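Visitor: Take a look at this one; I'll ask things after.
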Amino acid sequence: MIRIDNVSKAFGGLQAVRGVSFEVAQGSITGLIGPNGAGKSSLFNIVAGLFPPSSGRVLLDGHDITGLPPHKLFHRGLVRTFQIPHEFSRMTVRENLMVVPPGQSGENLFKTWLRWDKVKQQDSEVLDRVDDVLKFLEITHVADELAGNLSGGQKKLLDLGRTMMTDAKMVLLDEPGAGVNRTLLGKIREAILRLNRERGYTFCVIEHDMDLISALCEPVHVMADGELIASGSMEALRQNEEVREAYLGGGASGRMGETARQPSTDEGEPS
Amino acid sequence: MELSGIASYLISFLTFAGVYAVLALGLNMQWGFTGQFNIGIAGFFAVGAYTSAILTTPSSPAYLGGFGMPFLVGLAGAVIASTLLGVIVGLITARLRTDYLAIASIGIAEMVRLFVKNEDWLTNGVRGIAGIERPFADTLLDSPLTYLVIVALFVAGVYFLVERAYASPWGRVLRAIRENEPATAAAGKSIAGFRLQAFVLGSAIMGLGGGLYAHFFGFLSPEAFMPLYGTFLVWVMLIAGGSGNNRGAILGAVLVWGVWSGTELLTGMLPSEHATQGAALRVLLIGVLLQVILVTRPEGVLPEKPPRLIARKR
């Protein structure tokens with residue numbers, strides 16, 4: 001579905017992404033992990049059109065989408081969430097969701113003045129869809145709250161909810177579990193699984209919570225220092241020496257791996 | 001003051017407040033809805049006022065025209081001219097972040113004022129344009145009260161249009177842009193496009209305010225479009241009344257204009273050797289008023305509230 005083809009990105013002297021290539025297969029929930037500063041978010045932002053890569057290409061369903069701006073990618077079925085929730089604070093939860101559906105005639109100023117009945121009728125269809133999403137995420141009780149008043153976890157759910165207000169094909173989730181308590185995390189995991197199974201969304205997920213990654217993702221790609229260092233199932237990656245060194249920790253050998261790595265960090269990598 | 005004096009003061013007061021209400025509604029479109037920091041309101045105000053004056057005054061050798069056209073044509077011209085200026089400024093600044101828009105807009109307003117001051121052939125420069133007539137001049141209907149009614153009708157009309165825009169999906173996108181640009185773009189909306197529309201509509205409304213002002217005051221000179229009158233007061237009105245709330249914008253215009261003209265009555269009582277200090281004191285008072293509002297009611301007298309859902313749930 002998405003093919004990342006030899007993508008590199010430099011910010012000034014910092015090489016954030018170095019020649020990364022992988023594919024996100026249709027219908028999969030693909031994981032992307034790696035220590036902080038590995039280049040995951042940079043790669044995501046390139047795919048999502050926030051900035052173009054220094055070199056390389058991104059293909060969606062075989063079409064080159066490199067450098068297309070986010071709002072155009074949206075209309076090709078590619079949507080995303082953000083590491084820090086990006087809610088519309090001074091709008092209600094319901095309005096946050098109502099913004100999203102494409103092709104609303106009421107987004108044309110003159111139609112709001114001249115074709116008010118049609119605008120109203122379309123808005124009521126949008127409302128129906130909003131109700132479904134609120135119910136699905138079990139946040140109906142906060143529908144009329146200002147989104148800025150929600151808890152961090154609820155904001156994460158709302159971000160996810162916005163991706164459900166369109167017929168997305170491909171959803172990029174940037175740390176859906178960050179700062180979310182266990183109960184809510186379970187809910188987010190369920191929501192992702194159901195969207196994948198029932199609506200056929202393809203996901204690519206950045207996450208630090210290994211339990212969440214194990215529960216959701218197959219395959220998982222590992223990045224470190226801007227490079228893709230391994231790919232495979234989570235079980236296989238846990239046995240991979242290089243991955244353990246770079247990242248996983250988890251038990252004495254992993255920690256030793258990290259300690260062993262220390263000198264090279266001191267030699268000048270940005271940490 | 002005799003009764004008719006009070007009545008005529010009140011009519012003049014409300015007409016001015018109405019003109020400022022139109023300007024504040026225009027600014028609310030840009031700042032209140034969309035978060036665009038336009039501190040060049042005076043420029044759009046001036047373009048509207050001069051356009052209408054040039055179109056409607058009788059022919060004069062001192063400046064372009066006048067063309068002796070009817071009041072409504074003058075107002076339409078005011079809206080069109082300020083719309084064009086809005087498109088030009090909007091296209092240049094659409095991609096700028098809001099702080100850069102602020103710098104650009106204040107520069108443009110000063111350019112307009114200096115242009116008006118120096119291009120004698122067009123505007124009669126510092127001597128200004130006099131004899132701008134009210135609608136229905138030389139008929140039985142001609143009175144300050146009639147003009148107040150006309151201004152009130154325009155305020156109501158503009159209010160209706162912007163209030164509907166606010167409640168519509170269009171206004172929803174503007175508020176989303178104000179709250180979070182990257183998320184709005186990720187929701188498929190073209191930020192630059194919506195921002196341009198809001199800026200141009202706000203500019204058009206400000207131009208209409210300029211036209212209404214010209215026919216009320218009857219005389220235009222570049223002095224009237226100093227940033228203090230043309231921009232600063234409008235900002236105080238919107239913030240005092242409630243940014244993001246159209247009713248707040250209108251209420252703020254009445255309140256702040258009340259303070260502004262009320263203090264004029266007070267400083268008028270000062271002995272004449274203190275007149276200059278008196279004028280400065282008024283500006284100071286408005287500044288203090290703004291500080292008090294920002295500290296005690298930062299969201300204004302009528303804070304923004306999300307619009308009622310336009311569609312009934314099925």
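Chain labels follow the order of the structure tokens: the first chain is A, the next B, and so on; residue numbering restarts at 1 in every chain, and ligands are counted from 1 in their shown order.
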I need the chain B residues near chain A as a ChimeraX atom specification; criterion: at most 8 Å, counting only C-alpha atoms.

Guide: /B:161,164-165,168-173,175-176,179-180,182-183,185-190,306,310-314

Visitor: Take the residues just selected and output them with C-alpha atoms as an mmCIF file, in the first residue's frame.

Guide:
```
data_model
loop_
_atom_site.group_PDB
_atom_site.id
_atom_site.type_symbol
_atom_site.label_atom_id
_atom_site.label_comp_id
_atom_site.auth_asym_id
_atom_site.auth_seq_id
_atom_site.Cartn_x
_atom_site.Cartn_y
_atom_site.Cartn_z
ATOM 1 C CA LEU B 161 -24.001 37.004 7.219
ATOM 2 C CA ARG B 164 -24.302 32.251 9.665
ATOM 3 C CA ALA B 165 -20.774 31.848 8.377
ATOM 4 C CA SER B 168 -21.536 26.808 9.221
ATOM 5 C CA PRO B 169 -19.006 24.144 8.309
ATOM 6 C CA TRP B 170 -16.985 26.971 6.748
ATOM 7 C CA GLY B 171 -16.677 28.748 10.087
ATOM 8 C CA ARG B 172 -15.870 25.440 11.728
ATOM 9 C CA VAL B 173 -12.838 25.027 9.497
ATOM 10 C CA ARG B 175 -11.869 27.892 14.020
ATOM 11 C CA ALA B 176 -10.019 24.622 13.522
ATOM 12 C CA GLU B 179 -6.822 26.140 17.100
ATOM 13 C CA ASN B 180 -4.413 23.854 15.306
ATOM 14 C CA PRO B 182 -1.297 20.903 11.309
ATOM 15 C CA ALA B 183 -4.365 18.967 12.449
ATOM 16 C CA ALA B 185 -4.296 20.238 7.207
ATOM 17 C CA ALA B 186 -4.249 16.564 8.215
ATOM 18 C CA ALA B 187 -8.059 16.699 8.049
ATOM 19 C CA GLY B 188 -7.798 17.592 4.383
ATOM 20 C CA LYS B 189 -8.452 21.321 4.505
ATOM 21 C CA SER B 190 -6.405 23.754 2.459
ATOM 22 C CA PRO B 306 -19.377 27.169 20.207
ATOM 23 C CA ILE B 310 -27.217 23.905 12.768
ATOM 24 C CA ALA B 311 -28.752 20.557 11.972
ATOM 25 C CA ARG B 312 -31.388 18.962 14.093
ATOM 26 C CA LYS B 313 -30.391 15.464 15.049
ATOM 27 C CA ARG B 314 -32.437 12.810 13.377
#
```

Visitor: If you count only C-alpha atoms, which residues fall within 8 Å of region 92-107 of chain B, apart from same-chain ones fewer than 5 positions away, as a list in words?

Guide: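 My list of contacting residues is Gly35, Gln36, Phe37, Asn38, Ile39, Gly40, Ile41, Ala192, Arg195 and Leu196 of chain B.
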
Visitor: May I have the residues from that selection written out with N, CA, C and O atoms, as a compact mmCIF listing (two decimals), in the first residue's frame?

Guide:
```txt
# COMPACT_ATOMS: atom_id res chain seq x y z
N GLY B 35 -7.87 33.68 13.68
CA GLY B 35 -6.60 33.90 14.35
C GLY B 35 -5.60 34.69 13.52
O GLY B 35 -4.40 34.54 13.69
N GLN B 36 -6.11 35.51 12.58
CA GLN B 36 -5.20 36.33 11.77
C GLN B 36 -5.00 37.68 12.45
O GLN B 36 -5.96 38.41 12.69
N PHE B 37 -3.76 38.02 12.70
CA PHE B 37 -3.44 39.21 13.47
C PHE B 37 -3.29 40.39 12.53
O PHE B 37 -2.19 40.75 12.14
N ASN B 38 -4.39 41.02 12.19
CA ASN B 38 -4.36 42.17 11.28
C ASN B 38 -4.33 43.45 12.10
O ASN B 38 -5.32 43.81 12.73
N ILE B 39 -3.19 44.14 12.09
CA ILE B 39 -3.17 45.43 12.77
C ILE B 39 -3.06 46.55 11.74
O ILE B 39 -2.47 47.59 11.99
N GLY B 40 -3.68 46.31 10.60
CA GLY B 40 -3.72 47.33 9.56
C GLY B 40 -5.16 47.64 9.14
O GLY B 40 -5.41 47.98 7.99
N ILE B 41 -6.07 47.54 10.11
CA ILE B 41 -7.48 47.77 9.80
C ILE B 41 -7.68 49.13 9.12
O ILE B 41 -8.44 49.25 8.15
N ALA B 192 -4.29 27.57 3.38
CA ALA B 192 -4.09 28.85 2.70
C ALA B 192 -5.39 29.33 2.07
O ALA B 192 -5.72 30.52 2.13
N ARG B 195 -7.86 30.55 4.77
CA ARG B 195 -7.35 31.75 5.41
C ARG B 195 -7.52 32.96 4.49
O ARG B 195 -7.91 34.04 4.94
N LEU B 196 -7.27 32.74 3.21
CA LEU B 196 -7.44 33.84 2.25
C LEU B 196 -8.90 34.29 2.23
O LEU B 196 -9.19 35.49 2.25
```

Visitor: As an MDAnalysis selection string, which residues of region 49-170 of chain A does DSSP assign to strand (DSSP E)?

Guide: chainID A and resid 55:60 63:64 78:80 170

Visitor: Please list as JSON, numbers by chain every residue within 9 Å of region 227-232 of chain A, counting only C-alpha atoms and excluding residues in the same chain fewer than 3 positions away.

Guide: {"A": [16, 17, 18, 19, 20, 21, 22, 38, 39, 218, 219, 220, 221, 222, 223, 224, 235, 236, 237, 240, 242, 243]}

Visitor: Report the distance between CA of Leu10 (chain B) and CA of Tyr213 (chain B) in Å, rounded to one decimal place.

Guide: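 Spanning CA of Leu10 (chain B) to CA of Tyr213 (chain B) is a straight-line distance of 16.4 Å.
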
Visitor: List every residue of region 63-271 of chain A that DSSP, applied to the backbone of this structure, places in helix (DSSP H, G or I), and write the result as number ranges by chain.

Guide: A: 70-75, 93-98, 105-107, 109-114, 116-137, 140-142, 147-149, 152-163, 182-198, 210-216, 234-239, 241-248, 252-266

Visitor: Please, what distance in Å, to one decimal, runs between CA of Gly186 (chain A) and CA of Leu212 (chain A)?

Guide: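 Spanning CA of Gly186 (chain A) to CA of Leu212 (chain A) is a straight-line distance of 8.7 Å.
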